[in-house]
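Down below is the structure, laid out as C-alpha cells.
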Amino acid sequence: MSALLQLDHVTIRFGGLTAVSEVSLDVRPGDLAGLIGPNGAGKTTVFNLMTGVYQPTSGAITFDGRPTAGRRPFELTRSGMARTFQNIRLFRSLSVEDNVRAAMQVHRTQGPFQSWWRGAGFRRAEAEVADQAAELLSIFQLEGHRHELATSLSYGDQRRLEIVRALATRPRLLLLDEPAAGMNPTEKVELARLIRAIRDRFQIAILLVEHDMQLVMDLCERIHVLDHGVKIASGTPEEIRRNPEVIQAYLGEEHSLPA
Amino acid sequence: MKDAGARRWWVAAMAVAALLGWLEPRLDIYLADVLARVGINVVLAVSLNLINGHAGQFSLGHAGFMGVGAYAAAAITVLAGPHVLPTSCPDWLHQGWFLLALAGGGAAAALAGLLVGAPSLRLKGDYLAIVTLGFGQIIGVIVRNMEPLGGALGLSGIPPRTNLFWVLAAAATTVYGVTTLVNSTHGRGFIATHDDEVAAEAMGLDTTRYKIVAFVTGAFFAGVAGGLWGHFKLTISPKEFDFNRSIEIVVMVIVGGMGRTAGVMAAATVLTLLPEGLRLVAGLSPSLKWVGESRPLLYALMLIALMLLRPQGLFAWSRARPRPA
C-alpha cells in the first residue's frame, strides 16, 4: 500500500538552529502510528510541518500523492488531514454543536448567497448538517451538551470535542497533538480505547504525538522516535522497546523501558 | 431567526417600514427626523458589528465607507440623474432611480472595502485599525480635491429622496443581511475566525476569505447608509465622514455588545435619542442649560463606566456568550 503521508528527508532551520533534520517517515492508510521523543526533540515542529503551519527548508512532504509545499493549513484540511491541538483550541463563543458545524463547512458549497436567500436547497443542506453533527456528537456521548458553550464542558469532554470537531472535516488522516496531556491514568485508558474505536469505526489513519510512553506503547502499531530533531528509530512497539538508541535517548544509560 | 422565519421577519419589517412611510406626512417633522437618524445609525452600527463584532476585526473606517456611499449615491442622483431621467418624470421613477443610487452607493463602498480589505486583512488587530483609519483620511483628501463633488465646500442640491420608508427598509435589510449571514453553517465560520484563527484554519476554514466577506458586506451597508444620509441632509461635505463619525459608530457597537445584533440595534437607537433627550432637559429651565452641552463629557463617563462594569456591552442580554476582553 502506498503512503498517505510521506516525509522525505525533511529539514527545517530557524536561523542557525536546525530544529528538524533529514526526517523521513510515512503514514499509511489505516495506520495507528505514534511519534515520540524526549522534550525538545522536535515532535511538534514535525507536526507543524505536516499540517502546513511551517514550510520545510529542504526535503518534501506529500499527502495523498500530492506535495504539500505552498498549501495553507485550511487547504490541507480540505484535502483530508485534520488535527487537534496540544492546548485546547475550541471556538469559545460557539456552542458544542456549532463547533462541529463550523468544521463541517469544509465540504459544503453553501456560501453567503445561500445564507441570504434561504431557499429550499439551503434549508435541506442545513438540516443535513444538523443531523450529521448530532450523529457525530452522539457517538462521543456529547449530544446532551449540544447547546452548551464549548468552554463550559469539563476538561476531558473538551478534549473529546476537539477530536469530534476534527472528525467533522471527514479526514483520512487524523493528527492528535498530545491527546493525553493533563489526563489522569483512568482517563488515559479511556482515551486509548476511544482512539482505537475511532480508527476502526471511521477507517482512518491516526498519528499521535505523545509524551506518555505507556500510552503510545499500548496503542500504536508503529512508532517513530525523534531525538534532537533526528529520527533515531521506527518500528513496532516491541522493536522500539528493545532499541538501544531509544533507551539511550530517553534514559541516558541502559535501563529497560516500561513494559 | 431561523431559516424561513428570517424571511418572514423581513417581510413584516418591510410592512412596518411601508406603514411608517405612509404615516410620515402626518407625523411631527421633528419626530420623523429623529426616526430617520435612528434608522440610519442602526444600518451603520449593525453593519459595523459584522466586522468588529462577529468577525472580530477592528475597523475604524466605517464613516469612510459611508462617505464613499454618500458621494456615489449623490453622484447618481445629482450628476447622472438629469441626463437620464426625463424632465417631467413621475415620482415612482424618481424613487426607482433613488433605489438604484442607494445600491450604487453600497456597491461603490463595497468595492472600496474590497480594495482596502484584500491586502490588509492579513494584518491583525491594531494594524488593521490603523489601515482603516488611514483609509478614512484618504477618502476625505480625495473628495476635497475633486471639483465635480464640490471639494471641501461639499456637495449641495441633493434631492430630498430619503424618507422613513427607505430608511426603515434599509435598516430591516441590513439586520436581515447580517443575521442570516452569520446564522448558518457557513456563517459559524465568522465567529470561528473571531475566536481562534489558527484553529479555524486547521478546521479547513479560509479565514482571509471570511474576513473579506465580512468587510465587504459591512462596507456595502455603510455605503447604503451614506446614500440615505446624503438624500436626507441634502448637502454633504467630507468632514462629516471623518474619524469622529467612525468612533461614534464603534461606540454604538461596543455599548450594544460586540457580536449581538439586537443589542447593537438598541444601542444605536438609545445613543441617537440621547442628545435629543439632553436637549429636551436643557430646554426645561435656564438652570439646566449646561445639560445640553454635556454630551461629550457624558459619553466619556458612560464609556468608562461601561468598560468597568459591563465590558460585554450594556444590551448584551441574550445568549450567554462570554466575550474575552
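Identifiers in this document derive from the order of the C-alpha cells: chains are assigned A, B, ..., residues are numbered from 1 separately in each chain, and ligands are numbered from 1 in order of occurrence.
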- Task: From the DSSP assignment of the backbone, select every residue of range 120-188 of chain A that is helix (DSSP H, G or I), and format the answer as an NGL selection string.
- Result: :A and (120-139 or 143-145 or 150-152 or 155-167 or 185-188)
Output file for the residues above (N, CA and C atoms, as a tab-separated table (two decimals), in the first residue's frame):
```
chain	number	residue	atom	x	y	z
A	120	ALA	N	-34.99	26.46	-0.56
A	120	ALA	CA	-35.24	25.07	-0.14
A	120	ALA	C	-33.93	24.30	-0.06
A	121	GLY	N	-33.03	24.54	-1.02
A	121	GLY	CA	-31.75	23.84	-1.04
A	121	GLY	C	-30.94	24.13	0.20
A	122	PHE	N	-30.95	25.40	0.60
A	122	PHE	CA	-30.22	25.81	1.79
A	122	PHE	C	-30.79	25.13	3.04
A	123	ARG	N	-32.13	25.11	3.13
A	123	ARG	CA	-32.74	24.53	4.33
A	123	ARG	C	-32.47	23.03	4.40
A	124	ARG	N	-32.48	22.37	3.23
A	124	ARG	CA	-32.19	20.94	3.21
A	124	ARG	C	-30.75	20.70	3.66
A	125	ALA	N	-29.84	21.51	3.12
A	125	ALA	CA	-28.42	21.34	3.46
A	125	ALA	C	-28.18	21.60	4.95
A	126	GLU	N	-28.87	22.60	5.49
A	126	GLU	CA	-28.68	22.92	6.92
A	126	GLU	C	-29.22	21.78	7.79
A	127	ALA	N	-30.35	21.20	7.37
A	127	ALA	CA	-30.93	20.10	8.15
A	127	ALA	C	-29.98	18.90	8.12
A	128	GLU	N	-29.36	18.67	6.95
A	128	GLU	CA	-28.40	17.58	6.82
A	128	GLU	C	-27.22	17.77	7.77
A	129	VAL	N	-26.71	19.00	7.81
A	129	VAL	CA	-25.58	19.30	8.69
A	129	VAL	C	-25.97	19.06	10.13
A	130	ALA	N	-27.17	19.51	10.51
A	130	ALA	CA	-27.62	19.35	11.89
A	130	ALA	C	-27.70	17.85	12.24
A	131	ASP	N	-28.22	17.05	11.31
A	131	ASP	CA	-28.31	15.61	11.55
A	131	ASP	C	-26.94	14.98	11.73
A	132	GLN	N	-26.03	15.33	10.81
A	132	GLN	CA	-24.69	14.74	10.87
A	132	GLN	C	-23.96	15.15	12.14
A	133	ALA	N	-24.14	16.43	12.54
A	133	ALA	CA	-23.49	16.90	13.75
A	133	ALA	C	-24.05	16.15	14.96
A	134	ALA	N	-25.36	15.98	14.97
A	134	ALA	CA	-25.99	15.27	16.09
A	134	ALA	C	-25.49	13.83	16.16
A	135	GLU	N	-25.34	13.21	14.99
A	135	GLU	CA	-24.89	11.83	14.96
A	135	GLU	C	-23.47	11.70	15.50
A	136	LEU	N	-22.60	12.60	15.02
A	136	LEU	CA	-21.22	12.58	15.49
A	136	LEU	C	-21.15	12.79	17.00
A	137	LEU	N	-21.92	13.76	17.48
A	137	LEU	CA	-21.89	14.06	18.91
A	137	LEU	C	-22.40	12.88	19.72
A	138	SER	N	-23.38	12.18	19.17
A	138	SER	CA	-23.93	11.08	19.97
A	138	SER	C	-22.96	9.90	20.02
A	139	ILE	N	-22.15	9.72	18.96
A	139	ILE	CA	-21.13	8.67	19.00
A	139	ILE	C	-20.18	8.91	20.18
A	143	GLU	N	-24.01	14.50	22.93
A	143	GLU	CA	-25.23	15.11	22.40
A	143	GLU	C	-26.04	15.84	23.49
A	144	GLY	N	-25.87	15.39	24.75
A	144	GLY	CA	-26.60	16.06	25.83
A	144	GLY	C	-26.13	17.47	26.08
A	145	HIS	N	-24.91	17.79	25.59
A	145	HIS	CA	-24.34	19.13	25.84
A	145	HIS	C	-24.41	20.00	24.60
A	150	ALA	N	-18.98	25.51	24.28
A	150	ALA	CA	-17.91	24.52	24.26
A	150	ALA	C	-17.02	24.64	25.50
A	151	THR	N	-16.79	25.87	25.93
A	151	THR	CA	-15.87	26.08	27.04
A	151	THR	C	-16.50	25.73	28.40
A	152	SER	N	-17.81	25.44	28.41
A	152	SER	CA	-18.42	25.08	29.69
A	152	SER	C	-18.30	23.57	29.95
A	155	TYR	N	-12.89	19.31	31.25
A	155	TYR	CA	-11.65	19.23	30.50
A	155	TYR	C	-11.62	18.02	29.56
A	156	GLY	N	-11.98	16.88	30.10
A	156	GLY	CA	-11.97	15.66	29.28
A	156	GLY	C	-12.93	15.76	28.11
A	157	ASP	N	-14.11	16.33	28.36
A	157	ASP	CA	-15.10	16.49	27.30
A	157	ASP	C	-14.61	17.47	26.23
A	158	GLN	N	-13.90	18.51	26.69
A	158	GLN	CA	-13.36	19.47	25.72
A	158	GLN	C	-12.34	18.80	24.81
A	159	ARG	N	-11.52	17.93	25.39
A	159	ARG	CA	-10.53	17.20	24.58
A	159	ARG	C	-11.25	16.32	23.57
A	160	ARG	N	-12.33	15.66	24.04
A	160	ARG	CA	-13.08	14.81	23.12
A	160	ARG	C	-13.74	15.63	22.02
A	161	LEU	N	-14.28	16.80	22.41
A	161	LEU	CA	-14.93	17.65	21.42
A	161	LEU	C	-13.94	18.09	20.35
A	162	GLU	N	-12.69	18.33	20.75
A	162	GLU	CA	-11.68	18.70	19.75
A	162	GLU	C	-11.51	17.58	18.72
A	163	ILE	N	-11.54	16.34	19.21
A	163	ILE	CA	-11.41	15.21	18.29
A	163	ILE	C	-12.65	15.12	17.39
A	164	VAL	N	-13.83	15.33	17.99
A	164	VAL	CA	-15.07	15.28	17.20
A	164	VAL	C	-15.02	16.35	16.13
A	165	ARG	N	-14.59	17.54	16.51
A	165	ARG	CA	-14.54	18.65	15.56
A	165	ARG	C	-13.60	18.32	14.40
A	166	ALA	N	-12.46	17.71	14.72
A	166	ALA	CA	-11.52	17.33	13.66
A	166	ALA	C	-12.15	16.26	12.76
A	167	LEU	N	-12.88	15.31	13.37
A	167	LEU	CA	-13.51	14.25	12.57
A	167	LEU	C	-14.61	14.81	11.68
A	185	PRO	N	-4.50	8.67	34.93
A	185	PRO	CA	-4.34	7.32	34.35
A	185	PRO	C	-5.66	6.69	33.87
A	186	THR	N	-6.74	6.88	34.60
A	186	THR	CA	-8.03	6.31	34.18
A	186	THR	C	-8.47	6.94	32.87
A	187	GLU	N	-8.34	8.26	32.79
A	187	GLU	CA	-8.74	8.96	31.57
A	187	GLU	C	-7.88	8.52	30.39
A	188	LYS	N	-6.62	8.21	30.66
A	188	LYS	CA	-5.73	7.79	29.57
A	188	LYS	C	-6.15	6.44	29.02
```
- Kindly determine which residues of chain A lie within 8 Å of chain B, considering only C-alpha atoms, and give the answer as JSON, numbers by chain. {"A": [51, 73, 74, 75, 76, 77, 78, 82, 83, 89, 90, 91, 92, 93, 94, 98, 99, 101, 102, 103, 104, 105, 106, 110, 111, 112, 115, 116, 118, 123, 126, 129, 149, 165, 166, 169]}
Please produce a file of those selected residues containing N, CA and C atoms, as a CSV table (one decimal), in the first residue's frame.
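Everything below was put into part-v2.csv:
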```
chain,number,residue,atom,x,y,z
A,51,THR,N,1.2,19.8,8.9
A,51,THR,CA,-0.1,20.4,8.7
A,51,THR,C,0.0,21.8,8.0
A,73,PRO,N,-2.8,25.7,5.7
A,73,PRO,CA,-3.4,24.7,6.5
A,73,PRO,C,-4.8,24.3,6.1
A,74,PHE,N,-5.6,25.4,5.8
A,74,PHE,CA,-7.0,25.0,5.5
A,74,PHE,C,-7.2,24.2,4.2
A,75,GLU,N,-6.2,24.4,3.3
A,75,GLU,CA,-6.3,23.6,2.1
A,75,GLU,C,-5.9,22.2,2.3
A,76,LEU,N,-5.0,22.0,3.2
A,76,LEU,CA,-4.6,20.6,3.6
A,76,LEU,C,-5.7,19.9,4.3
A,77,THR,N,-6.4,20.7,5.2
A,77,THR,CA,-7.6,20.1,5.9
A,77,THR,C,-8.6,19.7,4.8
A,78,ARG,N,-8.8,20.5,3.8
A,78,ARG,CA,-9.8,20.2,2.8
A,78,ARG,C,-9.4,18.9,2.0
A,82,ALA,N,-6.8,16.3,9.3
A,82,ALA,CA,-7.3,17.1,10.4
A,82,ALA,C,-6.5,16.9,11.6
A,83,ARG,N,-6.5,18.0,12.5
A,83,ARG,CA,-5.6,17.9,13.7
A,83,ARG,C,-6.4,18.4,14.9
A,89,ARG,N,-8.0,24.3,21.7
A,89,ARG,CA,-8.3,25.5,20.9
A,89,ARG,C,-9.7,25.4,20.3
A,90,LEU,N,-10.7,25.2,21.2
A,90,LEU,CA,-12.1,25.2,20.7
A,90,LEU,C,-12.6,26.6,20.4
A,91,PHE,N,-13.7,26.7,19.6
A,91,PHE,CA,-14.2,28.1,19.4
A,91,PHE,C,-15.1,28.4,20.6
A,92,ARG,N,-14.5,29.4,21.4
A,92,ARG,CA,-15.1,29.5,22.8
A,92,ARG,C,-16.4,30.2,22.8
A,93,SER,N,-16.8,31.0,21.8
A,93,SER,CA,-18.1,31.6,21.9
A,93,SER,C,-19.2,30.8,21.1
A,94,LEU,N,-18.8,29.6,20.6
A,94,LEU,CA,-19.8,28.8,19.9
A,94,LEU,C,-20.2,27.6,20.8
A,98,ASP,N,-22.2,23.9,17.4
A,98,ASP,CA,-21.7,24.9,16.4
A,98,ASP,C,-20.2,24.7,16.1
A,99,ASN,N,-19.5,24.3,17.2
A,99,ASN,CA,-18.1,23.9,16.9
A,99,ASN,C,-17.9,22.9,15.9
A,101,ARG,N,-20.4,22.1,13.6
A,101,ARG,CA,-20.9,22.6,12.4
A,101,ARG,C,-19.9,23.5,11.6
A,102,ALA,N,-19.2,24.3,12.4
A,102,ALA,CA,-18.2,25.2,11.7
A,102,ALA,C,-17.2,24.3,10.9
A,103,ALA,N,-16.8,23.2,11.5
A,103,ALA,CA,-15.8,22.3,10.8
A,103,ALA,C,-16.4,21.6,9.6
A,104,MET,N,-17.8,21.4,9.7
A,104,MET,CA,-18.4,20.7,8.6
A,104,MET,C,-18.6,21.6,7.3
A,105,GLN,N,-18.3,22.8,7.5
A,105,GLN,CA,-18.4,23.7,6.3
A,105,GLN,C,-17.4,23.3,5.2
A,106,VAL,N,-16.3,22.6,5.6
A,106,VAL,CA,-15.2,22.2,4.7
A,106,VAL,C,-15.7,21.6,3.4
A,110,GLN,N,-22.3,25.7,0.1
A,110,GLN,CA,-23.2,26.8,0.5
A,110,GLN,C,-22.4,28.0,1.1
A,111,GLY,N,-22.6,29.2,0.5
A,111,GLY,CA,-21.9,30.3,1.0
A,111,GLY,C,-22.8,31.5,1.4
A,112,PRO,N,-22.3,32.7,1.3
A,112,PRO,CA,-23.1,33.9,1.7
A,112,PRO,C,-24.4,34.0,1.0
A,115,SER,N,-27.0,31.7,2.3
A,115,SER,CA,-27.4,32.2,3.6
A,115,SER,C,-28.4,33.3,3.5
A,116,TRP,N,-28.2,34.2,2.6
A,116,TRP,CA,-29.2,35.3,2.4
A,116,TRP,C,-30.5,34.8,1.8
A,118,ARG,N,-31.8,31.7,1.6
A,118,ARG,CA,-32.5,30.7,2.4
A,118,ARG,C,-33.6,30.0,1.6
A,123,ARG,N,-32.1,25.1,3.1
A,123,ARG,CA,-32.7,24.5,4.3
A,123,ARG,C,-32.5,23.0,4.4
A,126,GLU,N,-28.9,22.6,5.5
A,126,GLU,CA,-28.7,22.9,6.9
A,126,GLU,C,-29.2,21.8,7.8
A,129,VAL,N,-26.7,19.0,7.8
A,129,VAL,CA,-25.6,19.3,8.7
A,129,VAL,C,-26.0,19.1,10.1
A,149,LEU,N,-22.2,26.1,25.8
A,149,LEU,CA,-20.9,26.6,25.2
A,149,LEU,C,-19.8,25.6,25.3
A,165,ARG,N,-14.6,17.5,16.5
A,165,ARG,CA,-14.5,18.7,15.6
A,165,ARG,C,-13.6,18.3,14.4
A,166,ALA,N,-12.5,17.7,14.7
A,166,ALA,CA,-11.5,17.3,13.7
A,166,ALA,C,-12.2,16.3,12.8
A,169,THR,N,-14.5,17.2,9.8
A,169,THR,CA,-13.9,17.6,8.5
A,169,THR,C,-13.8,16.3,7.6
```
- So how many Å separate CA of Leu60 in chain B and CA of Ala36 in chain B, to one decimal?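 Value for the CA of Leu60 in chain B-CA of Ala36 in chain B distance: 23.6 Å.
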- Message: Please report the interatomic distance between CA of Gly67 in chain B and CA of Val42 in chain B in Å with one decimal.
- Response: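 So the two atoms, CA of Gly67 in chain B and CA of Val42 in chain B, lie 16.3 Å apart.
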- Name the closest residue to Trp97 in chain B among the candidates B:Gly21, B:Gly230, B:Gly136, B:Pro159; distances are taken between atoms, counting only C-alpha atoms. B:Pro159
